[in-house]
Amino acid sequence: MLTHDAALEWIARWDRQQEGYLPDREERFTVLIDAVEALGRPDPLVIDLGCGPGSLSARLLERLPKATVVSVDADPLLLGLGRAAYPQLTFVALDLREPGWAASLGLDRPADAAVSTTALHWISEPDLRRVYAELATVLRPGGLLLNGDHSDSDDDTPAIARLERAVHDRQTERAFGGEPHEDWRDWWDAISADPAFTELNTARTTAGASHHGSESHLLSQHVGALRGAGFTETGTIWQRGNNRLLCAVRG
Ligand SMILES: C[S@@+](CC[C@H](N)C(=O)[O-])C[C@H]1O[C@@H](n2cnc3c(N)ncnc32)[C@H](O)[C@@H]1O
């Protein structure tokens, strides 16, 4: 049986393996939540897109206890882990590529912000356009999308894009000094071998929750899709190498 404490331990281990790729992960969470807070509403309605086990959602609720956070993901195991660890959050199982996902959230008012970390690059450009268009239907005018992810500068600035990647790689090397650390694959192998997760792991395999196919890594793909969906302003509000926090304002 999956206990609350065991779920919290697995999430702490998830956070450590994610930090192996992103030494600034906590700083990026902090800045993202600062931006939500700067909207000036103590009780914002926030949607976390591709929430995983809820690391960002939990930090948001800790800082803004009156917020309502709706945490969305397609992976049954990560959702099960989040539900066991954070009963105060609302987790919703859905694939953002499925038409109608936004309406199916059944929100009782337009959301103030949608947030996401290290998730939307998994979605192909045509799907991304649909995801942002649907998102715009449930965000209030002036509402924000805040997307923290790796995204490379555009194809027409290849030298800058190379530098951004190099800065990120150097920072990661410095942070870990070449020490071995658990990576994404090791974490998944370990949790899949834990008998407490047999059922969730079967659900994961059935749902085909691992990702395949094309991805959206270019900043211009996100900016273009956001503009097409009616977001009137887009800009980077925090950046370290190619790790950036993209902000878009719904018109
Ligand atoms: C690297 S994890 C990041 C999780 C979390 N946001 C964090 O920062 O720890 C990427 C997440 O995106 C989710 N994801 C990818 N494609 C998705 C889709 N089409 N619909 C819903 N969730 C998706 C995955 O299931 C996974 O939980």
# chains A, B, ... in the order shown; residues from 1 in each chain; ligands from 1
$ residues_near_ligand --ligand "ligand 1" --cutoff "6 Å" --atoms "only C-alpha atoms and all ligand atoms" --output "MDAnalysis selection string"
chainID A and resid 50:52 55 73:75 94:97 116:119 122
$ select_by_dssp --residues "segment 79-237 of chain A" --states "strand (DSSP E or B)" --output "number ranges by chain"
A: 90-93, 111-117, 139-150, 152, 218, 231-237
$ closest_residue --among "A:Pro53, A:Val70, A:Glu233, A:Asp43" --to "Glu9 of chain A" --atoms "only C-alpha atoms"
A:Pro53
$ residues_around --residues "His222 of chain A" --least-positions-apart "2" --cutoff "10 Å" --atoms "only C-alpha atoms" --output "PyMOL selection string"
chain A and resi 120-121+125+128-129+132+147+151+216-220+224-228+234+246+248
$ closest_residue --among "A:Asp108, A:Gln88, A:Ala67, A:Val115" --to "Ile47 of chain A" --atoms "only C-alpha atoms"
A:Val115
$ atom_distance --atom1 "atom CA of Asp34 of chain A" --atom2 "atom CA of Val249 of chain A"
15.6 Å
$ residues_around --residues "Ala38 of chain A" --least-positions-apart "2" --cutoff "12 Å" --atoms "only C-alpha atoms" --output "ChimeraX atom specification"
/A:31-36,40-42,44,64,112-113,143-144
$ write_last_selection --atoms "C-alpha atoms" --output "short mmCIF file (atom, residue, chain, number, x, y, z; two decimals), in the first residue's frame"
data_model
loop_
_atom_site.label_atom_id
_atom_site.label_comp_id
_atom_site.auth_asym_id
_atom_site.auth_seq_id
_atom_site.Cartn_x
_atom_site.Cartn_y
_atom_site.Cartn_z
CA VAL A 31 10.16 33.17 -9.76
CA LEU A 32 7.14 31.55 -11.39
CA ILE A 33 5.17 31.74 -8.13
CA ASP A 34 6.36 35.35 -7.65
CA ALA A 35 4.71 36.12 -11.00
CA VAL A 36 1.43 34.49 -9.94
CA GLY A 40 -2.33 40.67 -6.79
CA ARG A 41 -5.09 38.21 -6.01
CA PRO A 42 -4.73 36.22 -2.75
CA PRO A 44 -6.08 32.92 -7.68
CA LEU A 64 -0.70 31.20 -1.60
CA ASP A 112 -6.07 33.64 -13.40
CA ALA A 113 -3.02 31.71 -14.54
CA GLY A 143 -4.56 36.00 -17.23
CA LEU A 144 -1.09 34.50 -17.58
#
$ decode --residues "segment 27-79 of chain A" --atoms "C-alpha atoms" --output "PDB file, in the first residue's frame"
ATOM      1  CA  GLU A  27      14.728  29.210  -8.270  1.00  0.00           C
ATOM      2  CA  ARG A  28      12.569  28.846 -11.375  1.00  0.00           C
ATOM      3  CA  PHE A  29       9.635  27.631  -9.201  1.00  0.00           C
ATOM      4  CA  THR A  30      10.146  30.636  -6.915  1.00  0.00           C
ATOM      5  CA  VAL A  31      10.161  33.168  -9.756  1.00  0.00           C
ATOM      6  CA  LEU A  32       7.143  31.554 -11.389  1.00  0.00           C
ATOM      7  CA  ILE A  33       5.172  31.738  -8.126  1.00  0.00           C
ATOM      8  CA  ASP A  34       6.364  35.350  -7.653  1.00  0.00           C
ATOM      9  CA  ALA A  35       4.706  36.124 -11.002  1.00  0.00           C
ATOM     10  CA  VAL A  36       1.428  34.486  -9.942  1.00  0.00           C
ATOM     11  CA  GLU A  37       1.571  36.406  -6.668  1.00  0.00           C
ATOM     12  CA  ALA A  38       2.211  39.655  -8.558  1.00  0.00           C
ATOM     13  CA  LEU A  39      -1.233  39.308 -10.167  1.00  0.00           C
ATOM     14  CA  GLY A  40      -2.333  40.666  -6.788  1.00  0.00           C
ATOM     15  CA  ARG A  41      -5.086  38.210  -6.011  1.00  0.00           C
ATOM     16  CA  PRO A  42      -4.731  36.217  -2.754  1.00  0.00           C
ATOM     17  CA  ASP A  43      -7.065  33.485  -4.045  1.00  0.00           C
ATOM     18  CA  PRO A  44      -6.084  32.916  -7.684  1.00  0.00           C
ATOM     19  CA  LEU A  45      -7.391  29.981  -9.691  1.00  0.00           C
ATOM     20  CA  VAL A  46      -4.349  28.311 -11.240  1.00  0.00           C
ATOM     21  CA  ILE A  47      -4.051  25.351 -13.614  1.00  0.00           C
ATOM     22  CA  ASP A  48      -0.783  23.355 -13.539  1.00  0.00           C
ATOM     23  CA  LEU A  49      -0.272  21.781 -16.980  1.00  0.00           C
ATOM     24  CA  GLY A  50       1.748  18.527 -16.934  1.00  0.00           C
ATOM     25  CA  CYS A  51       1.992  18.706 -13.144  1.00  0.00           C
ATOM     26  CA  GLY A  52       3.717  15.340 -12.628  1.00  0.00           C
ATOM     27  CA  PRO A  53       3.563  14.411  -8.919  1.00  0.00           C
ATOM     28  CA  GLY A  54       2.667  18.009  -8.010  1.00  0.00           C
ATOM     29  CA  SER A  55       5.996  19.629  -7.077  1.00  0.00           C
ATOM     30  CA  LEU A  56       5.064  23.063  -8.448  1.00  0.00           C
ATOM     31  CA  SER A  57       1.396  22.883  -7.389  1.00  0.00           C
ATOM     32  CA  ALA A  58       2.388  22.082  -3.808  1.00  0.00           C
ATOM     33  CA  ARG A  59       4.833  25.006  -3.648  1.00  0.00           C
ATOM     34  CA  LEU A  60       2.184  27.334  -5.088  1.00  0.00           C
ATOM     35  CA  LEU A  61      -0.356  26.356  -2.474  1.00  0.00           C
ATOM     36  CA  GLU A  62       2.213  26.694   0.289  1.00  0.00           C
ATOM     37  CA  ARG A  63       2.920  30.319  -0.753  1.00  0.00           C
ATOM     38  CA  LEU A  64      -0.698  31.196  -1.604  1.00  0.00           C
ATOM     39  CA  PRO A  65      -2.818  29.053   0.746  1.00  0.00           C
ATOM     40  CA  LYS A  66      -6.073  30.621  -0.508  1.00  0.00           C
ATOM     41  CA  ALA A  67      -5.335  29.674  -4.128  1.00  0.00           C
ATOM     42  CA  THR A  68      -7.242  26.944  -5.942  1.00  0.00           C
ATOM     43  CA  VAL A  69      -4.800  24.792  -7.871  1.00  0.00           C
ATOM     44  CA  VAL A  70      -6.021  22.332 -10.510  1.00  0.00           C
ATOM     45  CA  SER A  71      -3.186  19.976 -11.376  1.00  0.00           C
ATOM     46  CA  VAL A  72      -3.420  18.201 -14.717  1.00  0.00           C
ATOM     47  CA  ASP A  73      -1.370  15.300 -16.053  1.00  0.00           C
ATOM     48  CA  ALA A  74      -1.753  12.229 -18.267  1.00  0.00           C
ATOM     49  CA  ASP A  75       0.436   9.861 -16.265  1.00  0.00           C
ATOM     50  CA  PRO A  76      -1.530   7.637 -13.830  1.00  0.00           C
ATOM     51  CA  LEU A  77       1.505   6.782 -11.693  1.00  0.00           C
ATOM     52  CA  LEU A  78       2.643  10.368 -11.176  1.00  0.00           C
ATOM     53  CA  LEU A  79      -0.959  11.392 -10.447  1.00  0.00           C
TER      54      LEU A  79
END
